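Text of the file upload08.txt, holding compact mmCIF, C-alpha atoms and all ligand atoms:
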```
# COMPACT_ATOMS: atom_id res chain seq x y z
CA MET A 669 0.00 0.00 0.00
CA GLY A 670 2.75 2.44 1.00
CA ASN A 671 1.98 6.10 0.57
CA SER A 672 0.06 6.02 -2.68
CA LYS A 673 -3.19 7.68 -1.75
CA SER A 674 -5.20 6.71 -4.80
CA GLY A 675 -4.14 3.14 -4.04
CA ALA A 676 -4.06 1.10 -7.21
CA LEU A 677 -5.31 -2.41 -6.90
CA SER A 678 -2.41 -4.59 -5.77
CA LYS A 679 -1.24 -7.32 -8.16
CA GLU A 680 -1.64 -9.91 -5.46
CA ILE A 681 -5.31 -9.15 -4.80
CA LEU A 682 -6.00 -8.82 -8.50
CA GLU A 683 -4.53 -12.27 -9.27
CA ASP A 684 -6.35 -13.78 -6.32
CA LEU A 685 -9.70 -12.36 -7.43
CA LYS A 686 -9.18 -13.34 -11.05
CA MET A 687 -8.59 -16.89 -9.93
CA ASN A 688 -11.46 -17.08 -7.45
CA THR A 689 -14.23 -15.23 -9.28
CA LYS A 690 -15.67 -15.05 -12.77
CA TYR A 691 -14.55 -11.44 -13.22
CA THR A 692 -11.95 -10.27 -15.72
CA GLU A 693 -9.06 -7.94 -14.95
CA ASP A 694 -10.87 -5.11 -16.73
CA GLU A 695 -14.03 -5.60 -14.72
CA LEU A 696 -12.13 -5.84 -11.46
CA CYS A 697 -10.29 -2.60 -12.14
CA LYS A 698 -13.56 -0.83 -12.88
CA TRP A 699 -15.18 -2.24 -9.74
CA TYR A 700 -12.17 -1.08 -7.79
CA GLU A 701 -12.41 2.42 -9.14
CA SER A 702 -16.04 2.78 -8.10
CA PHE A 703 -15.36 1.10 -4.76
CA GLN A 704 -12.64 3.68 -4.09
CA LYS A 705 -15.01 6.49 -4.94
CA GLN A 706 -17.70 5.24 -2.60
CA CYS A 707 -15.34 4.17 0.16
CA PRO A 708 -12.28 6.40 0.04
CA ASP A 709 -10.78 4.62 3.04
CA GLY A 710 -11.15 1.29 1.23
CA ARG A 711 -13.48 -0.30 3.74
CA ILE A 712 -17.21 -0.73 4.29
CA THR A 713 -18.34 -0.69 7.91
CA ARG A 714 -21.25 -2.68 9.24
CA ALA A 715 -23.35 0.47 9.68
CA GLU A 716 -22.75 1.48 6.06
CA PHE A 717 -23.62 -2.01 4.94
CA GLU A 718 -26.88 -1.95 6.90
CA LYS A 719 -27.74 1.38 5.32
CA ILE A 720 -27.27 -0.04 1.83
CA TYR A 721 -29.63 -2.89 2.73
CA ALA A 722 -32.21 -0.55 4.18
CA ASN A 723 -32.42 1.21 0.81
CA PHE A 724 -33.26 -2.04 -0.92
CA PHE A 725 -35.98 -3.01 1.56
CA PRO A 726 -37.85 0.19 2.42
CA ASN A 727 -41.03 -1.63 3.53
CA SER A 728 -39.50 -4.03 6.00
CA ASP A 729 -36.72 -4.44 8.54
CA PRO A 730 -33.60 -5.96 6.96
CA LYS A 731 -31.23 -4.86 9.73
CA VAL A 732 -30.71 -8.19 11.48
CA TYR A 733 -30.36 -10.00 8.18
CA ALA A 734 -27.84 -7.43 6.95
CA ARG A 735 -25.83 -8.01 10.12
CA HIS A 736 -25.65 -11.75 9.42
CA VAL A 737 -24.78 -11.21 5.78
CA PHE A 738 -22.04 -8.84 6.84
CA ARG A 739 -20.66 -11.44 9.25
CA SER A 740 -20.58 -14.07 6.51
CA PHE A 741 -18.71 -11.72 4.16
CA ASP A 742 -16.24 -10.44 6.74
CA THR A 743 -14.06 -13.51 6.44
CA ASN A 744 -11.09 -12.08 8.37
CA ASP A 745 -13.45 -10.93 11.10
CA ASP A 746 -12.10 -7.38 11.46
CA GLY A 747 -15.49 -5.66 11.42
CA THR A 748 -15.13 -4.13 7.95
CA LEU A 749 -15.36 -5.34 4.36
CA ASP A 750 -12.35 -4.61 2.20
CA PHE A 751 -12.37 -4.73 -1.59
CA ARG A 752 -11.46 -8.40 -1.75
CA GLU A 753 -14.22 -9.47 0.64
CA TYR A 754 -16.67 -7.22 -1.19
CA ILE A 755 -15.93 -8.76 -4.58
CA ILE A 756 -16.01 -12.33 -3.30
CA ALA A 757 -19.38 -11.52 -1.74
CA LEU A 758 -20.66 -10.07 -4.98
CA HIS A 759 -19.44 -13.12 -6.84
CA LEU A 760 -21.03 -15.61 -4.45
CA THR A 761 -24.40 -13.95 -4.25
CA SER A 762 -24.81 -12.84 -7.86
CA SER A 763 -23.27 -15.69 -9.80
CA GLY A 764 -25.86 -17.95 -11.37
CA LYS A 765 -24.34 -21.04 -9.81
CA THR A 766 -26.67 -22.53 -7.24
CA ASP A 767 -24.07 -24.59 -5.42
CA LEU A 768 -21.94 -21.49 -4.86
CA LYS A 769 -24.91 -19.57 -3.53
CA LEU A 770 -25.80 -22.43 -1.24
CA GLU A 771 -22.23 -22.69 -0.01
CA TRP A 772 -22.59 -19.08 0.99
CA ALA A 773 -26.06 -19.68 2.47
CA PHE A 774 -24.54 -22.39 4.63
CA SER A 775 -21.97 -19.95 6.00
CA LEU A 776 -24.80 -17.52 6.68
CA PHE A 777 -26.71 -20.11 8.72
CA ASP A 778 -23.63 -21.39 10.50
CA VAL A 779 -23.66 -18.45 12.90
CA ASP A 780 -20.98 -19.78 15.27
CA ARG A 781 -18.83 -21.07 12.36
CA ASN A 782 -18.38 -24.57 13.74
CA GLY A 783 -19.09 -26.27 10.40
CA GLU A 784 -22.63 -27.46 11.16
CA ILE A 785 -26.07 -25.93 11.49
CA SER A 786 -28.19 -26.34 14.61
CA LYS A 787 -31.92 -25.77 14.85
CA ASN A 788 -31.35 -22.60 16.87
CA GLU A 789 -29.16 -21.22 14.11
CA VAL A 790 -31.85 -22.03 11.55
CA LEU A 791 -34.44 -20.23 13.65
CA GLU A 792 -32.14 -17.22 14.11
CA ILE A 793 -31.51 -16.73 10.38
CA ILE A 794 -35.03 -17.59 9.31
CA SER A 795 -36.34 -15.00 11.78
CA ALA A 796 -34.02 -12.41 10.24
CA ILE A 797 -35.23 -13.34 6.75
CA PHE A 798 -38.83 -13.16 7.93
CA LYS A 799 -38.34 -9.56 9.06
CA MET A 800 -37.49 -8.61 5.49
CA ILE A 801 -40.90 -9.70 4.26
CA PRO A 802 -43.20 -6.65 4.28
CA PRO A 803 -46.15 -7.07 6.70
CA GLU A 804 -48.65 -7.01 3.84
CA GLU A 805 -46.92 -9.91 2.18
CA GLN A 806 -46.59 -11.84 5.44
CA LYS A 807 -50.39 -11.97 5.63
CA SER A 808 -50.64 -13.88 2.37
CA LEU A 809 -48.13 -16.59 3.29
CA PRO A 810 -49.30 -20.22 3.43
CA GLU A 811 -50.58 -21.33 6.84
CA ASP A 812 -47.56 -23.55 7.52
CA GLU A 813 -45.06 -20.79 6.63
CA ASN A 814 -46.49 -17.71 8.29
CA THR A 815 -44.19 -17.53 11.34
CA PRO A 816 -40.40 -17.94 11.68
CA GLN A 817 -40.94 -20.92 14.00
CA LYS A 818 -43.14 -22.74 11.48
CA ARG A 819 -40.64 -22.07 8.73
CA ALA A 820 -37.74 -23.36 10.82
CA ASP A 821 -39.79 -26.45 11.76
CA LYS A 822 -40.59 -27.07 8.12
CA LEU A 823 -36.94 -26.98 7.12
CA TRP A 824 -35.95 -29.15 10.05
CA THR A 825 -38.63 -31.74 9.25
CA TYR A 826 -37.59 -31.77 5.60
CA PHE A 827 -34.09 -32.77 6.69
CA LYS A 828 -35.61 -35.39 9.03
CA LYS A 829 -33.77 -34.01 12.04
CA GLY A 830 -34.44 -34.26 15.77
CA GLU A 831 -34.32 -31.12 17.91
CA THR A 832 -30.63 -31.52 18.87
CA ASP A 833 -29.40 -32.89 15.53
CA LYS A 834 -27.19 -30.86 13.19
CA ILE A 835 -26.97 -30.39 9.43
CA ALA A 836 -23.57 -30.65 7.71
CA GLU A 837 -22.59 -28.50 4.73
CA GLN A 838 -22.90 -31.04 1.92
CA GLU A 839 -26.15 -32.35 3.32
CA PHE A 840 -27.52 -28.80 3.44
CA ILE A 841 -26.45 -27.94 -0.10
CA SER A 842 -27.74 -31.09 -1.77
CA GLY A 843 -30.94 -31.10 0.30
CA VAL A 844 -31.88 -27.51 -0.50
CA MET A 845 -30.94 -27.95 -4.14
CA LYS A 846 -33.48 -30.75 -4.51
CA ASN A 847 -36.45 -28.81 -3.18
CA ASP A 848 -37.73 -25.46 -4.48
CA ALA A 849 -40.03 -24.87 -1.51
CA ILE A 850 -37.11 -25.21 0.91
CA MET A 851 -34.97 -23.01 -1.33
CA LYS A 852 -37.60 -20.29 -0.98
CA LEU A 853 -37.58 -20.58 2.81
CA ILE A 854 -33.91 -19.73 3.08
CA GLN A 855 -34.00 -16.54 1.04
CA TYR A 856 -36.23 -13.60 0.39
CA GLU A 857 -36.56 -11.78 -2.89
CA PRO A 858 -38.79 -8.73 -2.94
CA ARG A 859 -41.79 -8.95 -5.23
CA LYS A 860 -41.45 -6.90 -8.36
CA LYS A 861 -44.05 -4.18 -8.53
CA CA B 901 -12.85 -7.86 6.85
CA CA B 902 -22.99 -23.82 13.80
```

Could you render the structure from this file as structure tokens?
Ligand SMILES: [Ca+2]
Ligand SMILES: [Ca+2]
Amino acid sequence: MGNSKSGALSKEILEDLKMNTKYTEDELCKWYESFQKQCPDGRITRAEFEKIYANFFPNSDPKVYARHVFRSFDTNDDGTLDFREYIIALHLTSSGKTDLKLEWAFSLFDVDRNGEISKNEVLEIISAIFKMIPPEEQKSLPEDENTPQKRADKLWTYFKKGETDKIAEQEFISGVMKNDAIMKLIQYEPRKK
């Protein structure tokens, strides 16, 4: 980094991102330029991240969810997102590849990062997702999906788990991939108006 204030993208990070994402060098340099403009200090804080989310979900409360998403992106756990973490996040959540997205979803649900998902963790994340659903839309949900508890139970039953059982990563990914209804439970996409 040294003293260069404009801070060109380091070769190391560039090579790393080219290898680990679908983006080209050109794209990465453009992303970097706009990232620098928006975040002159090169980092996104949790509060800034939550604000970005709030703009996308004006009719609901995405704050808790944003906090979990932030945690899953902040891989070095320093409380901010740097350019590398930001791009990896973008890649994981916007790439068309379902297994990549589900790999990320697993890390979102694995709140304590111990490599498995407990029922409490499922309930915690599903509650956060539920808060993003606008109240009007919540009213029209199917009877067995209209509270966070019911949704967590549904997922847990689908995986045939007892209360204290856990779900491992591969099991989670292949299970969710096979069932559209379960896939919908673990994410929320706003209705297009
Ligand atoms: Ca970080
Ligand atoms: Ca866990």

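In this comparison, which uses all atoms listed in the file, the residue of A:Glu753, A:Ser702, A:Phe717, A:Leu682 approaching ligand CA 901 (chain B) most closely is A:Glu753.
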
Please report as a tab-separated table every residue of region 730-822 of chain A lying within 9 Å of region 683-690 of chain A, along with the nearest atom pair and their distance in Å (one decimal), using all atoms listed in the file.
```
residue	atom	partner	partner_atom	distance
A:Arg752	CA	A:Leu685	CA	7.1
A:Ile755	CA	A:Leu685	CA	7.7
A:Ile756	CA	A:Thr689	CA	6.9
A:His759	CA	A:Thr689	CA	6.1
A:Leu760	CA	A:Thr689	CA	8.3
A:Ser763	CA	A:Lys690	CA	8.2
```

Around the point (-4.9, -4.0, -5.9) (coordinates from the file), which residues reach within 10 Å if we count all atoms listed in the file? Answer as a list in words. Met669, Gly675, Ala676, Leu677, Ser678, Lys679, Glu680, Ile681, Leu682, Glu683, Asp684, Leu685, Leu696, Cys697, Tyr700, Phe751 and Arg752 of chain A

Applying 10 Å and only C-alpha atoms, which residues near Tyr733 (chain A) remain after dropping the ones on its own chain fewer than 6 positions away? List them as a PDB file with C-alpha atoms, in the frame of the given file.
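Contents of the output file result.pdb:
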```
ATOM      1  CA  GLU A 718     -26.880  -1.950   6.900  1.00  0.00           C
ATOM      2  CA  TYR A 721     -29.630  -2.890   2.730  1.00  0.00           C
ATOM      3  CA  ARG A 739     -20.660 -11.440   9.250  1.00  0.00           C
ATOM      4  CA  LEU A 776     -24.800 -17.520   6.680  1.00  0.00           C
ATOM      5  CA  GLU A 792     -32.140 -17.220  14.110  1.00  0.00           C
ATOM      6  CA  ILE A 793     -31.510 -16.730  10.380  1.00  0.00           C
ATOM      7  CA  ILE A 794     -35.030 -17.590   9.310  1.00  0.00           C
ATOM      8  CA  SER A 795     -36.340 -15.000  11.780  1.00  0.00           C
ATOM      9  CA  ALA A 796     -34.020 -12.410  10.240  1.00  0.00           C
ATOM     10  CA  ILE A 797     -35.230 -13.340   6.750  1.00  0.00           C
ATOM     11  CA  PHE A 798     -38.830 -13.160   7.930  1.00  0.00           C
ATOM     12  CA  LYS A 799     -38.340  -9.560   9.060  1.00  0.00           C
ATOM     13  CA  MET A 800     -37.490  -8.610   5.490  1.00  0.00           C
TER      14      MET A 800
END
```

Kindly compile the residues surrounding ligand CA 902 (chain B) within 10 Å, counting all atoms listed in the file, and format them as a PyMOL selection string. chain A and resi 774-790+834-836

All residues having an atom within 8 Å of ligand CA 901 (chain B) (only C-alpha atoms and all ligand atoms) as a ChimeraX atom specification: /A:741-750,753

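Of the listed residues (A:Arg711, A:Lys731, A:Lys769, A:Lys705), A:Lys769 comes nearest to Val844 (chain A); the distances count all atoms listed in the file.
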
Contacts of Lys846 (chain A) at 12 Å or less, counting all atoms listed in the file, minus same-chain residues fewer than 3 places along, as a PyMOL selection string? chain A and resi 766-767+770+826-827+839-843+849-852

Padding 4 Å on each side, edges along x, y and z: where is the centre of the box around the listed atoms of region 675-685 of chain A, and how long are its edges in Å to one decimal? Output it as JSON.
```
{"center_x": -5.5, "center_y": -5.3, "center_z": -6.7, "size_x": 16.5, "size_y": 24.9, "size_z": 13.2}
```

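The coordinates place CA of Asn723 (chain A) at 26.0 Å from CA of Glu771 (chain A).
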
Shortest interatomic distance to Val737 (chain A) - which of A:Asp848, A:Gln855, A:Lys807, A:Gln817, counting all atoms listed in the file: A:Gln855

What's the 12 Å shell around Pro810 (chain A), counting all atoms listed in the file, without same-chain residues fewer than 5 positions away, as a ChimeraX atom specification? /A:805,815,818-819,849,853

One number please: CA of Asp812 (chain A) to CA of Trp824 (chain A), in Å, one decimal.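 Distance reported for this atom pair: 13.1 Å.
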
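Minimum distance to Tyr691 (chain A) across A:Ser762, A:Ser740, A:Ser728, A:Gln706 (counting only C-alpha atoms) occurs at A:Ser762.
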
Interatomic distance, CA of Gln806 (chain A) to CA of Gly764 (chain A) (Å, one decimal):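 Computed distance, CA of Gln806 (chain A) to CA of Gly764 (chain A), equals 27.4 Å.
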
If I only want region 817-828 of chain A, can you write it with N, CA and C atoms, as a CSV table (one decimal), in the first residue's frame?
```
chain,number,residue,atom,x,y,z
A,817,GLN,N,-41.0,-19.6,13.4
A,817,GLN,CA,-40.9,-20.9,14.0
A,817,GLN,C,-41.5,-22.0,13.0
A,818,LYS,N,-42.6,-21.8,12.4
A,818,LYS,CA,-43.1,-22.7,11.5
A,818,LYS,C,-42.2,-23.0,10.3
A,819,ARG,N,-41.6,-21.9,9.9
A,819,ARG,CA,-40.6,-22.1,8.7
A,819,ARG,C,-39.4,-22.9,9.1
A,820,ALA,N,-38.9,-22.6,10.3
A,820,ALA,CA,-37.7,-23.4,10.8
A,820,ALA,C,-38.1,-24.8,11.0
A,821,ASP,N,-39.3,-25.1,11.6
A,821,ASP,CA,-39.8,-26.4,11.8
A,821,ASP,C,-39.9,-27.2,10.4
A,822,LYS,N,-40.4,-26.5,9.4
A,822,LYS,CA,-40.6,-27.1,8.1
A,822,LYS,C,-39.2,-27.5,7.5
A,823,LEU,N,-38.3,-26.6,7.6
A,823,LEU,CA,-36.9,-27.0,7.1
A,823,LEU,C,-36.4,-28.2,7.9
A,824,TRP,N,-36.5,-28.1,9.2
A,824,TRP,CA,-35.9,-29.2,10.1
A,824,TRP,C,-36.6,-30.5,9.8
A,825,THR,N,-37.9,-30.5,9.6
A,825,THR,CA,-38.6,-31.7,9.2
A,825,THR,C,-38.2,-32.3,7.9
A,826,TYR,N,-38.0,-31.4,6.9
A,826,TYR,CA,-37.6,-31.8,5.6
A,826,TYR,C,-36.3,-32.5,5.7
A,827,PHE,N,-35.4,-32.1,6.5
A,827,PHE,CA,-34.1,-32.8,6.7
A,827,PHE,C,-34.2,-34.0,7.6
A,828,LYS,N,-35.4,-34.2,8.1
A,828,LYS,CA,-35.6,-35.4,9.0
A,828,LYS,C,-34.7,-35.3,10.3
```
